[in-house]
Amino acid sequence: MAAGSAGSGGAGAPERPYELVVFGASGFTGQFVVEEVARVAASGERRGALRWAVAGRSRQKLQAVLERAAEKLGKAAVGPEVGVLLCDVDDAASLAAMARQTRLVLNCVGPYRFFGEPVVKACVENGASHIDISGEPQFLEGMYLKYNEKAAEKGVYVIGSCGFDSIPADMGVLYTRDKLKGTLTAVESFLKVKSGPEGTCIHDGTWKSAIHGLADQDNLKKLRKKIGYAPVPVVGAKLKRRGLVFYSKELKGYSIPFMGSDASVVKRSQRYLHTELQETPVQYGAYVNVGGLGSVMKLMFAGILFLLLVKFSFGRKLMTKMDGTSFTMTFFGEGYSEGQDPQSGKPNVKICTEVKGPEPGYIATPIAMVQAAMSLLEDATCLPKQGGVYSPGAAFCKTKLIDRLNKHGIEFSVISKPEV
C-alpha cells in the first residue's frame with residue numbers, strides 16, 4: 001500500500017502520481033465514494049489502471065475504509081497501488097501537498113460552508129481540479145465569485161453539486177432539451193423518493209443544507225449582487241410559479257416546491273449555456289411529489305421532527321436506513337417545434353422524460369460523483385475550453401456523462417415522445 005504525506009511534483013511536473021484522490025474518505029459519505037471508485041477501478045472499463053488515493057486525518061481509519069471496500073467487492077485487497085495521504089482540512093500545507101499529487105480531488109468533507117473553501121483554494125493554487133457534492137448554493141456561488149478567474153488561469157475545473165444534488169436535475173434538463181425536436185423553453189421536475197421496507201431515509205446533509213439555506217437567503221441575495229450575474233432572458237411562454245402545496249394532475253398527487261439546490265444550479269447552467277454558447281435558456285421549476293393529503297400532513301410533522309432529530313447524532317443514524325430506497329425524477333417540458341419562433345405564440349410541443357436511480361444519499365450520490373470524475377478525466381477534450389468554477393450542466397454538457405450514468409444505474413429515458 002503506497003503511503004505518504006509529503007507533496008511530490010509541482011504544477012510543472014510531467015505526471016502527477018494520482019489521477020484522483022478521495023478526500024474525507026473515512027467520513028460518512030466518503031466511505032461510499034471510496035467503494036464506488038474501487039468498483040470502477042476494478043471493473044476494467046478504463047484503458048489503463050486508475051491511479052488513485054484516499055486522504056484524511058487518520059491512517060488507521062483510511063486503511064479500514066480500503067479494507068471494507070475490498071470486502072464489499074469480494075477481494076482480498078483493493079490493490080497495493082492505492083495511496084494513503086494524511087491531511088487535515090485545518091492544515092493548509094497538508095491540503096496543498098495533497099493537491100500537488102493529483103489531477104483531481106473528490107471532496108467529501110461537508111458541510112461545505114464550513115470546511116469547503118480551504119480544499120478548493122488548495123486545489124486551484126496547486127493545479128488540481130475539484131469535484132464536490134454540495135447542495136449549498138451559498139457555498140457553490142461563493143466559490144464562483146472567489147475562484148473562477150484563478151481556476152481559469154490555472155486551467156483547472158471546480159465543479160460543485162455533483163451528487164444527487166444536482167446532477168439528476170441539471171443533466172435531466174439538458175437531456176430533455178436534447179430529446180425535444182425543436183426548442184425547449186420550460187421544464188418542471190417532480191421528485192419522488194420511494195422508501196424501502198426499512199422506512200424512508202432523508203439524507204441528513206441535504207436537509208441540513210436546506211435548513212441553513214433557508215436561514216441564509218439574505219446573504220445569498222447579497223452574494224448574487226456582488227457577482228453581478230447577467231439576467232437570463234425568458235424565452236417562450238413564462239413558466240408559472242406554483243403554490244406551496246398543489247395537486248399535480250400528471251402525477252395524481254400533491255406536490256410541494258423542492259427546497260434543495262436544483263433550481264439554482266440549473267439556472268447557473270442555463271445562464272452559462274446562454275451567455276457562452278448562445279443557446280436558448282430553459283426556465284425551470286423543481287418540485288417534490290408527496291402523494292395524498294395525508295402525506296402532506298405527515299410531511300409537516302416530519303419537518304418538525306426532523307429539526308429535532310438533526311440535533312442528536314442518534315437521530316441521524318435513524319434517518320439513514322436505505323435498503324430498497326429509490327428515486328424517480330420526472331420532467332415535463334414544453335417548447336416550440338422546429339421552424340416555430342419561441343418569441344411569439346404559445347408553446348406547441350410537449351415532452352416527458354425521467355431520471356431514475358437507487359437511494360439518493362449514499363448510493364446515487366457516489367455513482368454521480370465518481371462518473372462526473374471519470375468524465376472530467378476521460379472526456380477532457382469535451383469540457384469547456386477554459387478552466388473555472390462550473391455547475392455540472394455547464395461543465396459536462398458536451399461530455400459522455402449521461403451515457404456513463406446510464407451504464408451505472410442512474411437511468412435517463414424518454415417517457416413520452418415530443419408531441420405537437
# chains A, B, ... in the order shown; residues from 1 in each chain; ligands from 1
call {"tool": "residues_around", "arguments": {"residues": "Ser166 in chain A", "least_positions_apart": "2", "cutoff": "10 Å", "atoms": "only C-alpha atoms", "output": "list in words"}}
result
Ile133, Ser134, Gly135, Gly160, Ser161, Cys162, Gly163, Phe164, Pro168, Ala169, Asp170, Met171, Gly172, Gly260, Ser261, Asp262, Ala263, Ser264, Val265, Val266, Thr365, Ala368, Ser391, Pro392 and Gly393 of chain A
call {"tool": "write_last_selection", "arguments": {"atoms": "N, CA, C and O atoms", "output": "compact mmCIF listing (two decimals), in the first residue's frame"}}
result
# COMPACT_ATOMS: atom_id res chain seq x y z
N ILE A 133 -19.97 17.47 -3.67
CA ILE A 133 -21.38 17.05 -3.73
C ILE A 133 -22.22 17.99 -2.87
O ILE A 133 -23.16 17.58 -2.22
N SER A 134 -21.86 19.27 -2.90
CA SER A 134 -22.55 20.25 -2.07
C SER A 134 -23.95 20.55 -2.61
O SER A 134 -24.15 20.65 -3.81
N GLY A 135 -24.89 20.71 -1.69
CA GLY A 135 -26.21 21.18 -2.08
C GLY A 135 -26.45 22.57 -1.50
O GLY A 135 -27.58 22.93 -1.20
N GLY A 160 -19.10 21.97 -8.69
CA GLY A 160 -19.86 21.69 -7.47
C GLY A 160 -21.09 20.85 -7.74
O GLY A 160 -21.43 20.55 -8.89
N SER A 161 -21.79 20.48 -6.69
CA SER A 161 -23.08 19.78 -6.73
C SER A 161 -23.11 18.59 -7.69
O SER A 161 -24.02 18.46 -8.50
N CYS A 162 -22.10 17.72 -7.58
CA CYS A 162 -22.02 16.55 -8.47
C CYS A 162 -22.56 15.28 -7.83
O CYS A 162 -22.11 14.17 -8.15
N GLY A 163 -23.51 15.42 -6.88
CA GLY A 163 -24.15 14.24 -6.30
C GLY A 163 -25.61 14.21 -6.71
O GLY A 163 -25.98 14.72 -7.78
N PHE A 164 -26.43 13.62 -5.85
CA PHE A 164 -27.88 13.64 -6.09
C PHE A 164 -28.34 15.09 -6.20
O PHE A 164 -29.23 15.42 -6.96
N PRO A 168 -28.90 14.77 -11.30
CA PRO A 168 -30.11 14.33 -12.00
C PRO A 168 -30.92 15.50 -12.56
O PRO A 168 -31.38 15.44 -13.71
N ALA A 169 -31.07 16.58 -11.79
CA ALA A 169 -31.86 17.72 -12.25
C ALA A 169 -31.14 18.45 -13.39
O ALA A 169 -31.72 18.71 -14.44
N ASP A 170 -29.88 18.78 -13.18
CA ASP A 170 -29.15 19.61 -14.14
C ASP A 170 -28.95 18.88 -15.48
O ASP A 170 -29.21 19.43 -16.55
N MET A 171 -28.52 17.62 -15.40
CA MET A 171 -28.32 16.85 -16.63
C MET A 171 -29.67 16.41 -17.21
O MET A 171 -29.81 16.25 -18.42
N GLY A 172 -30.67 16.24 -16.33
CA GLY A 172 -32.01 15.86 -16.79
C GLY A 172 -32.63 16.94 -17.66
O GLY A 172 -33.28 16.66 -18.68
N GLY A 260 -34.14 22.00 -2.21
CA GLY A 260 -32.70 21.81 -2.44
C GLY A 260 -32.10 22.82 -3.39
O GLY A 260 -32.70 23.85 -3.70
N SER A 261 -30.91 22.51 -3.87
CA SER A 261 -30.16 23.47 -4.70
C SER A 261 -30.46 23.33 -6.18
O SER A 261 -29.94 24.07 -7.00
N ASP A 262 -31.33 22.37 -6.57
CA ASP A 262 -31.52 22.09 -8.00
C ASP A 262 -31.84 23.33 -8.84
O ASP A 262 -31.23 23.57 -9.88
N ALA A 263 -32.81 24.14 -8.37
CA ALA A 263 -33.25 25.28 -9.18
C ALA A 263 -32.10 26.26 -9.40
O ALA A 263 -31.90 26.77 -10.50
N SER A 264 -31.30 26.51 -8.35
CA SER A 264 -30.21 27.49 -8.50
C SER A 264 -29.08 26.94 -9.38
O SER A 264 -28.46 27.67 -10.14
N VAL A 265 -28.85 25.62 -9.30
CA VAL A 265 -27.79 25.01 -10.12
C VAL A 265 -28.20 25.02 -11.59
O VAL A 265 -27.42 25.39 -12.47
N VAL A 266 -29.45 24.62 -11.86
CA VAL A 266 -29.94 24.61 -13.24
C VAL A 266 -29.87 26.03 -13.82
O VAL A 266 -29.47 26.23 -14.97
N THR A 365 -25.56 9.24 -5.01
CA THR A 365 -24.58 10.33 -4.91
C THR A 365 -23.16 9.87 -5.24
O THR A 365 -22.50 10.50 -6.08
N ALA A 368 -22.95 9.25 -9.03
CA ALA A 368 -22.92 10.51 -9.80
C ALA A 368 -21.56 11.18 -9.67
O ALA A 368 -20.97 11.63 -10.66
N SER A 391 -21.05 24.73 -12.86
CA SER A 391 -22.11 23.80 -12.43
C SER A 391 -21.97 22.56 -13.32
O SER A 391 -21.33 22.62 -14.38
N PRO A 392 -22.56 21.41 -12.92
CA PRO A 392 -22.38 20.19 -13.72
C PRO A 392 -22.84 20.34 -15.17
O PRO A 392 -22.15 19.93 -16.10
N GLY A 393 -24.00 20.96 -15.38
CA GLY A 393 -24.53 21.10 -16.74
C GLY A 393 -23.61 21.91 -17.63
O GLY A 393 -23.42 21.61 -18.81
call {"tool": "select_by_dssp", "arguments": {"residues": "range 139-292 of chain A", "states": "strand (DSSP E)", "output": "JSON, numbers by chain"}}
result
{"A": [157, 158, 159, 183, 184, 185, 186, 187, 188, 189, 190, 191, 192, 193, 194, 246, 247, 248, 253, 254, 255, 256, 257, 283, 284, 285, 286, 287, 288, 289, 290, 291]}
call {"tool": "closest_atom_pairs", "arguments": {"of": "range 75-133 of chain A", "to": "range 29-35 of chain A", "cutoff": "9 Å", "atoms": "only C-alpha atoms", "output": "Markdown table"}}
result
| residue | atom | partner | partner_atom | distance |
| --- | --- | --- | --- | --- |
| A:Leu106 | CA | A:Val33 | CA | 8.7 |
| A:Asn107 | CA | A:Gly30 | CA | 8.3 |
| A:Cys108 | CA | A:Gly30 | CA | 5.3 |
| A:Val109 | CA | A:Gly30 | CA | 7.7 |
call {"tool": "write_last_selection", "arguments": {"atoms": "C-alpha atoms", "output": "JSON list (two decimals), in the first residue's frame"}}
result
[["chain", "number", "residue", "atom", "x", "y", "z"],
["A", 106, "LEU", "CA", -13.16, 14.36, -4.86],
["A", 107, "ASN", "CA", -14.03, 16.38, -1.78],
["A", 108, "CYS", "CA", -16.37, 14.53, 0.61],
["A", 109, "VAL", "CA", -15.86, 16.76, 3.66]]
call {"tool": "residues_around", "arguments": {"residues": "range 287-293 of chain A", "least_positions_apart": "5", "cutoff": "8 Å", "atoms": "only C-alpha atoms", "output": "VMD selection string"}}
result
chain A and resid 188 to 192 251 to 258 299
call {"tool": "closest_residue", "arguments": {"among": "A:Arg57, A:Tyr390, A:Ala38, A:Gly48", "to": "Glu71 in chain A", "atoms": "only C-alpha atoms"}}
result
A:Ala38
call {"tool": "residues_around", "arguments": {"residues": "Glu359 in chain A", "least_positions_apart": "4", "cutoff": "6 Å", "atoms": "only C-alpha atoms", "output": "PyMOL selection string"}}
result
chain A and resi 325-326+363-364
call {"tool": "atom_distance", "arguments": {"atom1": "CA of Val78 in chain A", "atom2": "CA of Arg46 in chain A"}}
result
16.1 Å
call {"tool": "residues_around", "arguments": {"residues": "Glu125 in chain A", "least_positions_apart": "3", "cutoff": "8 Å", "atoms": "only C-alpha atoms", "output": "PDB file with N, CA and C atoms, in the first residue's frame"}}
result
ATOM      1  N   ALA A  96      -2.324  21.442   0.412  1.00  0.00           N
ATOM      2  CA  ALA A  96      -1.542  21.792  -0.784  1.00  0.00           C
ATOM      3  C   ALA A  96      -0.736  20.587  -1.255  1.00  0.00           C
ATOM      4  N   LYS A 121      -9.368  26.137  -2.433  1.00  0.00           N
ATOM      5  CA  LYS A 121      -8.213  27.036  -2.538  1.00  0.00           C
ATOM      6  C   LYS A 121      -6.936  26.235  -2.825  1.00  0.00           C
ATOM      7  N   ALA A 122      -6.722  25.153  -2.060  1.00  0.00           N
ATOM      8  CA  ALA A 122      -5.525  24.326  -2.246  1.00  0.00           C
ATOM      9  C   ALA A 122      -5.503  23.728  -3.649  1.00  0.00           C
ATOM     10  N   ALA A 128      -4.937  21.419  -9.308  1.00  0.00           N
ATOM     11  CA  ALA A 128      -5.775  20.214  -9.341  1.00  0.00           C
ATOM     12  C   ALA A 128      -7.234  20.624  -9.536  1.00  0.00           C
ATOM     13  N   LYS A 150      -9.193  32.607 -11.057  1.00  0.00           N
ATOM     14  CA  LYS A 150      -7.951  31.905 -10.739  1.00  0.00           C
ATOM     15  C   LYS A 150      -7.941  30.497 -11.333  1.00  0.00           C
ATOM     16  N   LYS A 154      -5.355  28.837 -14.093  1.00  0.00           N
ATOM     17  CA  LYS A 154      -4.618  27.594 -13.832  1.00  0.00           C
ATOM     18  C   LYS A 154      -5.073  26.446 -14.728  1.00  0.00           C
TER      19      LYS A 154
END
call {"tool": "select_by_dssp", "arguments": {"residues": "range 209-382 of chain A", "states": "helix (DSSP H, G or I)", "output": "MDAnalysis selection string"}}
result
chainID A and resid 209:215 217:227 262:277 293:310 313:318 360:378 380:382
call {"tool": "closest_residue", "arguments": {"among": "A:Lys225, A:Arg16, A:Lys407, A:Lys346", "to": "Ala97 in chain A", "atoms": "only C-alpha atoms"}}
result
A:Arg16
call {"tool": "residues_around", "arguments": {"residues": "Glu153 in chain A", "least_positions_apart": "3", "cutoff": "10 Å", "atoms": "only C-alpha atoms", "output": "PDB file with N, CA, C and O atoms, in the first residue's frame"}}
result
ATOM      1  N   VAL A 124      -7.056  24.854  -6.469  1.00  0.00           N
ATOM      2  CA  VAL A 124      -6.846  25.875  -7.502  1.00  0.00           C
ATOM      3  C   VAL A 124      -5.390  26.345  -7.503  1.00  0.00           C
ATOM      4  O   VAL A 124      -4.747  26.424  -8.556  1.00  0.00           O
ATOM      5  N   GLU A 125      -4.842  26.609  -6.328  1.00  0.00           N
ATOM      6  CA  GLU A 125      -3.468  27.127  -6.269  1.00  0.00           C
ATOM      7  C   GLU A 125      -2.439  26.099  -6.737  1.00  0.00           C
ATOM      8  O   GLU A 125      -1.369  26.464  -7.216  1.00  0.00           O
ATOM      9  N   GLY A 127      -3.043  23.542  -8.959  1.00  0.00           N
ATOM     10  CA  GLY A 127      -3.298  22.968 -10.279  1.00  0.00           C
ATOM     11  C   GLY A 127      -4.046  21.652 -10.292  1.00  0.00           C
ATOM     12  O   GLY A 127      -3.844  20.829 -11.186  1.00  0.00           O
ATOM     13  N   TYR A 147     -13.061  32.154  -6.896  1.00  0.00           N
ATOM     14  CA  TYR A 147     -12.024  31.334  -7.546  1.00  0.00           C
ATOM     15  C   TYR A 147     -12.201  31.131  -9.046  1.00  0.00           C
ATOM     16  O   TYR A 147     -11.374  30.489  -9.677  1.00  0.00           O
ATOM     17  N   ASN A 148     -13.267  31.671  -9.634  1.00  0.00           N
ATOM     18  CA  ASN A 148     -13.496  31.401 -11.060  1.00  0.00           C
ATOM     19  C   ASN A 148     -12.324  31.873 -11.928  1.00  0.00           C
ATOM     20  O   ASN A 148     -11.814  31.135 -12.770  1.00  0.00           O
ATOM     21  N   GLU A 149     -11.865  33.115 -11.681  1.00  0.00           N
ATOM     22  CA  GLU A 149     -10.789  33.655 -12.529  1.00  0.00           C
ATOM     23  C   GLU A 149      -9.485  32.904 -12.315  1.00  0.00           C
ATOM     24  O   GLU A 149      -8.763  32.584 -13.251  1.00  0.00           O
ATOM     25  N   LYS A 150      -9.193  32.607 -11.057  1.00  0.00           N
ATOM     26  CA  LYS A 150      -7.951  31.905 -10.739  1.00  0.00           C
ATOM     27  C   LYS A 150      -7.941  30.497 -11.333  1.00  0.00           C
ATOM     28  O   LYS A 150      -6.925  30.019 -11.845  1.00  0.00           O
ATOM     29  N   VAL A 156      -7.842  24.689 -14.350  1.00  0.00           N
ATOM     30  CA  VAL A 156      -8.473  23.597 -13.588  1.00  0.00           C
ATOM     31  C   VAL A 156      -9.987  23.842 -13.497  1.00  0.00           C
ATOM     32  O   VAL A 156     -10.460  24.962 -13.660  1.00  0.00           O
ATOM     33  N   GLN A 386     -12.034  26.676 -21.264  1.00  0.00           N
ATOM     34  CA  GLN A 386     -11.313  27.347 -20.184  1.00  0.00           C
ATOM     35  C   GLN A 386     -11.640  26.717 -18.846  1.00  0.00           C
ATOM     36  O   GLN A 386     -12.778  26.313 -18.624  1.00  0.00           O
ATOM     37  N   GLY A 387     -10.659  26.658 -17.952  1.00  0.00           N
ATOM     38  CA  GLY A 387     -10.941  26.224 -16.583  1.00  0.00           C
ATOM     39  C   GLY A 387     -11.867  27.237 -15.917  1.00  0.00           C
ATOM     40  O   GLY A 387     -12.157  28.290 -16.475  1.00  0.00           O
ATOM     41  N   GLY A 388     -12.316  26.917 -14.711  1.00  0.00           N
ATOM     42  CA  GLY A 388     -13.179  27.843 -13.985  1.00  0.00           C
ATOM     43  C   GLY A 388     -14.026  27.094 -12.977  1.00  0.00           C
ATOM     44  O   GLY A 388     -13.854  25.897 -12.772  1.00  0.00           O
TER      45      GLY A 388
END
call {"tool": "closest_residue", "arguments": {"among": "A:Tyr229, A:Tyr157, A:Tyr272, A:Glu279", "to": "Ser375 in chain A", "atoms": "only C-alpha atoms"}}
result
A:Tyr157
call {"tool": "residues_around", "arguments": {"residues": "range 234-241 of chain A", "least_positions_apart": "2", "cutoff": "7 Å", "atoms": "only C-alpha atoms", "output": "PyMOL selection string"}}
result
chain A and resi 185-186+232+243+281+283+342-343+346-347
